[in-house]
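**Student:** Handing over upload_8.txt, compact mmCIF, C-alpha atoms and all ligand atoms.
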# COMPACT_ATOMS: atom_id res chain seq x y z
CA MET A 159 -40.18 -65.99 64.03
CA ALA A 160 -38.50 -62.64 63.54
CA LEU A 161 -35.29 -62.09 61.68
CA ALA A 162 -33.36 -58.88 61.71
CA SER A 163 -31.28 -59.10 58.58
CA ARG A 164 -28.18 -57.10 57.96
CA GLN A 165 -25.80 -57.06 55.05
CA PRO A 166 -22.12 -57.60 55.81
CA VAL A 167 -20.58 -54.30 56.74
CA GLY A 168 -17.90 -52.65 54.64
CA ALA A 169 -15.81 -55.75 54.10
CA GLU A 170 -14.47 -54.31 50.87
CA THR A 171 -14.28 -50.67 51.85
CA LEU A 172 -12.06 -48.82 49.42
CA SER A 173 -8.92 -47.26 50.63
CA ALA A 174 -7.33 -44.25 48.99
CA GLY A 175 -4.21 -46.37 48.59
CA GLY A 176 -6.14 -48.72 46.36
CA GLN A 177 -6.17 -52.47 46.12
CA GLY A 178 -6.24 -55.05 43.38
CA ASP A 179 -5.48 -54.22 39.77
CA SER A 180 -6.56 -50.61 39.21
CA ILE A 181 -7.22 -49.34 35.69
CA VAL A 182 -7.93 -45.81 36.94
CA THR A 183 -6.40 -44.06 39.94
CA VAL A 184 -7.59 -40.65 41.06
CA ARG A 185 -5.81 -38.67 43.76
CA ASP A 186 -6.87 -35.37 45.31
CA LEU A 187 -8.83 -34.30 42.24
CA THR A 188 -10.07 -30.72 42.39
CA LYS A 189 -11.98 -28.59 39.88
CA ARG A 190 -13.49 -25.13 40.30
CA TYR A 191 -15.73 -23.13 38.01
CA GLY A 192 -15.26 -19.59 39.26
CA ARG A 193 -16.43 -19.72 42.86
CA THR A 194 -18.10 -23.10 42.53
CA ILE A 195 -16.00 -26.03 43.72
CA ALA A 196 -17.40 -28.76 41.48
CA VAL A 197 -14.93 -31.44 42.61
CA ASP A 198 -13.34 -31.03 46.00
CA GLY A 199 -10.19 -33.13 46.47
CA ILE A 200 -11.50 -36.62 45.77
CA SER A 201 -9.49 -39.86 45.58
CA PHE A 202 -10.58 -43.29 44.41
CA ASP A 203 -9.54 -46.30 42.33
CA ILE A 204 -11.40 -48.21 39.65
CA HIS A 205 -10.49 -51.87 39.38
CA ARG A 206 -9.98 -53.61 36.06
CA GLY A 207 -13.08 -55.51 34.95
CA GLU A 208 -15.53 -54.00 37.41
CA ILE A 209 -18.58 -51.77 37.03
CA PHE A 210 -17.94 -48.69 39.13
CA GLY A 211 -20.87 -46.41 39.94
CA LEU A 212 -20.68 -42.70 40.70
CA LEU A 213 -23.93 -41.94 42.48
CA GLY A 214 -25.13 -38.48 43.47
CA PRO A 215 -27.74 -35.74 43.11
CA ASN A 216 -27.81 -32.98 40.46
CA GLY A 217 -24.71 -30.80 40.62
CA ALA A 218 -22.75 -33.27 42.78
CA GLY A 219 -19.79 -33.22 40.38
CA LYS A 220 -20.30 -36.54 38.59
CA THR A 221 -20.03 -35.25 35.01
CA THR A 222 -17.10 -32.99 35.86
CA THR A 223 -15.24 -35.94 37.41
CA LEU A 224 -15.98 -38.17 34.45
CA GLU A 225 -14.93 -35.54 31.91
CA ILE A 226 -11.59 -35.09 33.68
CA LEU A 227 -11.03 -38.87 33.67
CA GLU A 228 -11.89 -38.89 29.95
CA GLY A 229 -9.35 -36.14 29.24
CA ILE A 230 -11.93 -33.70 27.88
CA ARG A 231 -11.76 -31.36 30.87
CA VAL A 232 -8.64 -30.27 32.73
CA ALA A 233 -8.46 -30.46 36.52
CA ASP A 234 -7.10 -27.63 38.65
CA LYS A 235 -5.29 -30.04 40.91
CA GLY A 236 -4.74 -33.74 41.43
CA ASP A 237 -3.47 -36.79 39.64
CA VAL A 238 -5.43 -39.04 37.29
CA ARG A 239 -3.96 -42.15 35.72
CA VAL A 240 -5.73 -44.25 33.12
CA ASP A 241 -4.06 -47.59 32.53
CA GLY A 242 -0.95 -46.13 34.12
CA LEU A 243 -0.95 -43.08 31.83
CA ASP A 244 -1.14 -39.53 33.17
CA ILE A 245 -4.31 -38.15 31.58
CA ARG A 246 -2.77 -34.70 31.08
CA ARG A 247 0.59 -35.70 29.69
CA ASN A 248 -0.52 -38.76 27.72
CA ARG A 249 -4.04 -37.76 26.82
CA ARG A 250 -4.12 -39.22 23.31
CA ALA A 251 -2.70 -42.58 24.33
CA ALA A 252 -5.11 -42.78 27.27
CA GLN A 253 -8.07 -41.82 25.09
CA ALA A 254 -7.30 -44.64 22.67
CA ARG A 255 -8.19 -47.07 25.48
CA ILE A 256 -11.48 -45.49 26.48
CA GLY A 257 -15.01 -45.16 25.13
CA VAL A 258 -17.23 -42.29 26.15
CA GLN A 259 -20.98 -41.80 26.27
CA LEU A 260 -21.67 -38.19 27.17
CA GLN A 261 -24.66 -37.09 29.25
CA ALA A 262 -26.22 -35.68 26.07
CA THR A 263 -25.22 -37.06 22.69
CA THR A 264 -25.76 -34.96 19.59
CA LEU A 265 -26.41 -37.10 16.55
CA PHE A 266 -26.32 -36.15 12.88
CA GLU A 267 -29.96 -36.12 11.88
CA GLU A 268 -29.15 -36.75 8.18
CA LEU A 269 -27.28 -39.99 8.83
CA THR A 270 -28.89 -43.37 9.38
CA VAL A 271 -27.99 -45.44 12.43
CA ARG A 272 -25.58 -47.60 10.40
CA GLU A 273 -23.99 -44.55 8.75
CA THR A 274 -23.55 -42.92 12.17
CA LEU A 275 -21.73 -46.00 13.46
CA ALA A 276 -19.58 -46.14 10.31
CA LEU A 277 -18.70 -42.44 10.61
CA PHE A 278 -17.62 -42.73 14.24
CA GLY A 279 -15.66 -45.87 13.35
CA SER A 280 -13.77 -43.96 10.66
CA PHE A 281 -12.26 -41.73 13.38
CA TYR A 282 -10.25 -44.68 14.71
CA PRO A 283 -7.48 -46.77 13.14
CA ARG A 284 -9.27 -49.92 14.32
CA ALA A 285 -13.04 -49.98 14.69
CA ILE A 286 -15.77 -52.54 15.29
CA SER A 287 -18.08 -53.04 12.31
CA PRO A 288 -21.49 -51.31 12.38
CA ASP A 289 -23.26 -54.67 12.03
CA SER A 290 -21.53 -56.14 15.04
CA LEU A 291 -22.34 -53.01 17.09
CA LEU A 292 -25.98 -53.13 15.96
CA ALA A 293 -26.18 -56.71 17.19
CA ASP A 294 -24.60 -55.69 20.51
CA ILE A 295 -27.33 -53.16 21.19
CA ALA A 296 -30.16 -55.17 19.56
CA LEU A 297 -30.94 -52.41 17.08
CA GLU A 298 -30.51 -54.29 13.79
CA GLU A 299 -34.02 -53.50 12.59
CA LYS A 300 -33.31 -49.77 12.95
CA ALA A 301 -30.10 -49.79 10.89
CA ARG A 302 -31.70 -47.57 8.21
CA ALA A 303 -33.62 -45.31 10.59
CA ARG A 304 -32.53 -41.75 11.28
CA PRO A 305 -31.94 -40.60 14.87
CA GLN A 306 -35.14 -38.51 14.98
CA ASP A 307 -37.14 -41.66 14.26
CA LEU A 308 -35.71 -43.57 17.23
CA SER A 309 -37.33 -43.82 20.65
CA GLY A 310 -35.48 -42.39 23.66
CA GLY A 311 -34.29 -45.86 24.66
CA GLN A 312 -33.09 -46.64 21.14
CA ARG A 313 -31.17 -43.35 20.99
CA GLN A 314 -29.51 -44.20 24.31
CA ARG A 315 -28.54 -47.60 22.96
CA LEU A 316 -27.09 -45.97 19.85
CA ALA A 317 -25.14 -43.57 22.09
CA LEU A 318 -23.80 -46.59 23.99
CA ALA A 319 -22.77 -48.27 20.72
CA LEU A 320 -20.86 -45.12 19.75
CA ALA A 321 -18.91 -45.45 23.00
CA LEU A 322 -17.92 -48.99 21.95
CA VAL A 323 -16.83 -48.23 18.37
CA ASN A 324 -13.09 -48.37 19.14
CA ASP A 325 -13.42 -51.56 21.23
CA PRO A 326 -12.25 -49.78 24.39
CA SER A 327 -11.20 -51.63 27.53
CA LEU A 328 -12.65 -48.83 29.68
CA VAL A 329 -16.13 -47.38 29.03
CA PHE A 330 -17.54 -44.21 30.62
CA LEU A 331 -21.32 -43.84 30.66
CA ASP A 332 -22.83 -40.60 31.98
CA GLU A 333 -26.40 -41.31 33.14
CA PRO A 334 -27.02 -43.95 30.48
CA THR A 335 -30.60 -44.68 31.56
CA THR A 336 -31.98 -41.29 32.51
CA GLY A 337 -35.41 -40.68 30.99
CA LEU A 338 -35.99 -44.29 29.98
CA ASP A 339 -39.06 -46.37 30.77
CA PRO A 340 -38.49 -49.40 33.04
CA GLN A 341 -38.30 -51.86 30.13
CA SER A 342 -35.73 -49.84 28.15
CA ARG A 343 -33.80 -49.32 31.36
CA ARG A 344 -33.61 -53.09 31.94
CA MET A 345 -32.46 -53.65 28.35
CA LEU A 346 -29.68 -51.15 28.82
CA TRP A 347 -28.71 -52.73 32.13
CA ASP A 348 -28.37 -56.09 30.35
CA THR A 349 -26.17 -54.52 27.68
CA ILE A 350 -23.97 -52.92 30.35
CA LEU A 351 -23.68 -56.19 32.29
CA ARG A 352 -22.64 -57.94 29.07
CA LEU A 353 -19.78 -55.44 28.70
CA ARG A 354 -18.42 -56.58 32.05
CA GLU A 355 -18.77 -60.23 30.97
CA ARG A 356 -16.57 -59.36 27.99
CA GLY A 357 -13.88 -58.11 30.36
CA LYS A 358 -14.48 -54.38 29.96
CA THR A 359 -14.33 -51.94 32.84
CA VAL A 360 -17.40 -49.71 33.06
CA VAL A 361 -17.71 -46.42 34.93
CA LEU A 362 -21.22 -45.02 35.08
CA THR A 363 -23.01 -42.18 36.79
CA THR A 364 -26.56 -42.37 38.03
CA HIS A 365 -29.05 -40.70 40.35
CA PHE A 366 -30.62 -44.00 41.24
CA MET A 367 -29.53 -46.21 44.13
CA ASP A 368 -31.41 -49.20 42.66
CA GLU A 369 -29.49 -48.83 39.41
CA ALA A 370 -26.15 -48.55 41.19
CA GLN A 371 -27.05 -51.54 43.34
CA SER A 372 -28.13 -53.68 40.36
CA LEU A 373 -25.15 -52.87 38.16
CA ALA A 374 -22.16 -51.71 40.14
CA ASP A 375 -19.58 -53.85 41.89
CA ARG A 376 -18.57 -50.77 43.86
CA ILE A 377 -20.09 -47.35 44.31
CA ALA A 378 -18.78 -43.93 45.29
CA ILE A 379 -21.42 -41.49 46.53
CA LEU A 380 -20.62 -37.94 45.52
CA ASP A 381 -22.23 -34.94 47.18
CA ALA A 382 -21.21 -31.31 46.65
CA GLY A 383 -17.92 -32.39 45.07
CA ARG A 384 -16.92 -34.79 47.84
CA ILE A 385 -17.05 -38.53 48.19
CA ILE A 386 -19.17 -39.14 51.26
CA ALA A 387 -19.09 -42.95 51.03
CA GLN A 388 -17.53 -45.62 48.85
CA ASP A 389 -18.01 -49.34 49.09
CA THR A 390 -19.76 -52.33 47.57
CA PRO A 391 -23.57 -51.95 47.39
CA ALA A 392 -23.94 -54.49 50.22
CA GLY A 393 -21.30 -52.71 52.28
CA LEU A 394 -23.02 -49.34 51.81
CA ILE A 395 -26.38 -50.70 52.89
CA GLY A 396 -24.68 -52.31 55.88
CA THR A 397 -22.93 -49.07 56.82
CA LEU A 398 -26.30 -47.31 56.87
CA GLY A 399 -27.20 -49.74 59.65
CA ALA A 400 -30.41 -50.49 57.81
CA LYS A 401 -32.07 -53.60 59.20
CA ALA A 402 -35.13 -55.34 57.91
CA THR A 403 -37.30 -57.53 60.07
CA ILE A 404 -38.75 -60.57 58.36
CA GLU A 405 -41.53 -62.56 60.01
CA GLY A 406 -42.74 -65.85 58.70
CA VAL A 407 -44.32 -69.20 59.40
CA VAL A 408 -42.29 -72.29 58.68
CA GLU A 409 -44.39 -75.26 57.57
CA PRO A 410 -44.02 -78.48 59.58
CA GLY A 411 -41.63 -80.83 57.87
CA ASN A 412 -39.72 -77.93 56.41
CA VAL A 413 -38.28 -76.67 59.62
CA VAL A 414 -35.25 -74.44 59.76
CA SER A 415 -33.79 -74.12 63.20
CA VAL A 416 -33.26 -70.76 64.82
CA ASP A 417 -29.61 -71.69 65.26
CA GLU A 418 -29.25 -72.32 61.52
CA LEU A 419 -30.76 -68.92 60.79
CA ARG A 420 -28.43 -67.24 63.28
CA GLY A 421 -25.51 -68.82 61.46
CA LEU A 422 -26.30 -66.98 58.18
CA ALA A 423 -23.99 -64.05 57.41
CA ALA A 424 -26.81 -61.63 56.60
CA VAL A 425 -28.79 -62.41 59.75
CA ALA A 426 -28.15 -60.20 62.76
CA GLU A 427 -30.67 -61.84 65.07
CA ALA A 428 -33.21 -64.68 64.92
CA ARG A 429 -35.99 -65.32 67.42
CA GLU A 430 -38.70 -67.92 67.79
CA ARG A 431 -42.17 -66.71 68.66
CA GLY A 432 -45.43 -68.36 69.64
CA GLY A 433 -44.07 -71.89 69.55
CA GLY A 434 -43.50 -71.74 65.77
CA CYS A 435 -40.40 -70.92 63.81
N1 LIG B 1 -19.11 -25.43 32.49
C1 LIG B 1 -19.47 -25.07 33.72
N2 LIG B 1 -19.37 -23.78 34.15
C2 LIG B 1 -19.70 -23.42 35.39
N3 LIG B 1 -20.16 -24.26 36.33
C3 LIG B 1 -20.29 -25.54 35.97
C4 LIG B 1 -19.97 -26.02 34.66
N4 LIG B 1 -20.21 -27.34 34.60
C5 LIG B 1 -20.67 -27.69 35.82
N5 LIG B 1 -20.72 -26.62 36.65
C6 LIG B 1 -21.13 -26.62 38.07
O1 LIG B 1 -20.34 -27.59 38.73
C7 LIG B 1 -21.12 -28.36 39.65
C8 LIG B 1 -21.03 -29.82 39.30
O2 LIG B 1 -21.65 -30.03 38.03
P1 LIG B 1 -21.69 -31.46 37.30
O3 LIG B 1 -22.25 -31.26 35.95
O4 LIG B 1 -20.34 -32.07 37.41
O5 LIG B 1 -22.70 -32.24 38.26
P2 LIG B 1 -23.44 -33.64 38.04
O6 LIG B 1 -23.24 -34.41 39.29
O7 LIG B 1 -23.03 -34.26 36.77
O8 LIG B 1 -24.97 -33.19 37.97
P3 LIG B 1 -26.21 -33.83 37.14
O9 LIG B 1 -26.68 -34.99 37.94
O10 LIG B 1 -27.21 -32.73 37.12
O11 LIG B 1 -25.73 -34.20 35.77
C9 LIG B 1 -22.52 -27.76 39.58
O12 LIG B 1 -22.67 -26.84 40.63
C10 LIG B 1 -22.56 -27.08 38.23
O13 LIG B 1 -23.45 -26.00 38.25
MG MG B 2 -24.03 -34.80 35.06
For the file at hand, write its structure as structure tokens.
Ligand SMILES: Nc1ncnc2c1ncn2[C@@H]1O[C@H](COP(=O)(O)OP(=O)(O)OP(=O)(O)O)[C@@H](O)[C@H]1O
Ligand SMILES: [Mg+2]
**Tutor:**
Amino acid sequence: MALASRQPVGAETLSAGGQGDSIVTVRDLTKRYGRTIAVDGISFDIHRGEIFGLLGPNGAGKTTTLEILEGIRVADKGDVRVDGLDIRRNRRAAQARIGVQLQATTLFEELTVRETLALFGSFYPRAISPDSLLADIALEEKARARPQDLSGGQRQRLALALALVNDPSLVFLDEPTTGLDPQSRRMLWDTILRLRERGKTVVLTTHFMDEAQSLADRIAILDAGRIIAQDTPAGLIGTLGAKATIEGVVEPGNVVSVDELRGLAAVAEARERGGGC
């Protein structure tokens, strides 16, 4: 039996006009650094409660895009709205709703983990307690450690906690798992997935397709400042036209008919071979 399986194609392809309840809308965003066009007229929407992945190689424009959405970098052209607020005109109000993990986080080496969380909390009128944040990132036993005594994965988790201090509804994570071993990466994935369960919207950048596929509800692929594709992970794989052929032997008494297999959404073609199925 041979199955050529195919994911459903682009059923949820994004349109520039947007759909659903968008927490972020980006239209015709452009940013140059001298002669370099870092972001070249991109448009997309981020839906409330989803994990949105910006995927792309080094220099694609991911960080620049994120920093403009966060209100810490100013675009040359385009319109960005966060929760309905124009990020240029209402920057402070928009920033009160967001949490940011930068690509590289500088930590105060003299402060313990708990003191760091307390300090960042003191910048906001309403902040989550350090103990609750420590529990969120499973770092309670390191509460008294200093940043230089943390492993790379623990530092990344602390950086994530700092992005959550003001209990934001929208969280930006710039390459949250870069440099981590597979186990630390998985732990961070779980933490990020829990944020979505709690109703937060997460925007993250990554170089890794597997990470985008495992975490993101929708992905925009950025290359040289342009969005070259945007869709659900399944839709993107389908658009690539990638098919996998699966061959197998079905035990007697556990027979699946070829017609049943053909009826499955992900199956493009099913054939019987050599009398078996
Ligand atoms: N402050 C800056 N001054 C000049 N050029 C910059 C600056 N920041 C970024 N660039 C350029 O803009 C382009 C996009 O950079 P950006 O940091 O947004 O990419 P990225 O997708 O985040 O890359 P990476 O995966 O390496 O983090 C690159 O060509 C980069 O060299
Ligand atoms: Mg970057």
**Student:** Residues contacting ligand LIG 1 (chain B) - anything with an atom at most 10 Å away, using all atoms listed in the file - can you give me those as an MDAnalysis selection string?
**Tutor:** chainID A and resid 189:197 212:226 231 261:262 332:333 336 363:365 380:383
**Student:** Can you tell me which residues surround Val240 (chain A) at a distance of at most 6 Å, considering all atoms listed in the file, apart from same-chain residues fewer than 3 positions away, and format the answer as a PDB file with C-alpha atoms, keeping the file's coordinate frame?
**Tutor:**
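around24.pdb written:
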ATOM      1  CA  ILE A 181      -7.220 -49.340  35.690  1.00  0.00           C
ATOM      2  CA  VAL A 182      -7.930 -45.810  36.940  1.00  0.00           C
ATOM      3  CA  LEU A 243      -0.950 -43.080  31.830  1.00  0.00           C
TER       4      LEU A 243
END
**Student:** Identify which of the residues A:Phe202, A:Gln371, A:Ser280, A:Gln259 lies closest to ligand MG 2 (chain B), counting all atoms listed in the file when measuring atom-to-atom distances.
**Tutor:**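 Once distances to ligand MG 2 (chain B) are computed over all atoms listed in the file, the minimum belongs to A:Gln259.
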**Student:** Work out how far CA of Thr274 (chain A) is from CA of Ser327 (chain A), in Å to one decimal.
**Tutor:**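 Atom-to-atom, CA of Ser327 (chain A) to CA of Thr274 (chain A), that is 21.5 Å.
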**Student:** Hey, can you check how far CA of Phe281 (chain A) sits from CA of Gln253 (chain A)?
**Tutor:**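 Those two atoms sit 12.4 Å apart.
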**Student:** Between A:Ala426, A:Val413, A:Leu260, A:Leu394, which one has atoms that come closest to ligand MG 2 (chain B), using all atoms listed in the file?
**Tutor:** A:Leu260
**Student:** Could you check which residues have any atom within 10 Å of (-29.3, -53.2, 20.2), counting all atoms listed in the file with coordinates taken straight from the file, and then list them as a ChimeraX atom specification?
**Tutor:** /A:290-301,311-312,314-316,318-319,345-346,349
**Student:** Out of A:Asp237, A:Gln306, A:Leu362, A:Arg356, which residue has the shortest atom-to-atom distance to ligand MG 2 (chain B) when counting all atoms listed in the file?
**Tutor:** A:Leu362
**Student:** Using all atoms listed in the file, which of the listed residues (A:Asn248, A:Thr403, A:Thr188, A:Asn324) sits closest to Phe278 (chain A)?
**Tutor:** A:Asn324
**Student:** Calculate how many Å separate CA of Phe266 (chain A) from CA of Gly279 (chain A), rounding to one decimal.
**Tutor:**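 Here the two named atoms are 14.4 Å from each other.
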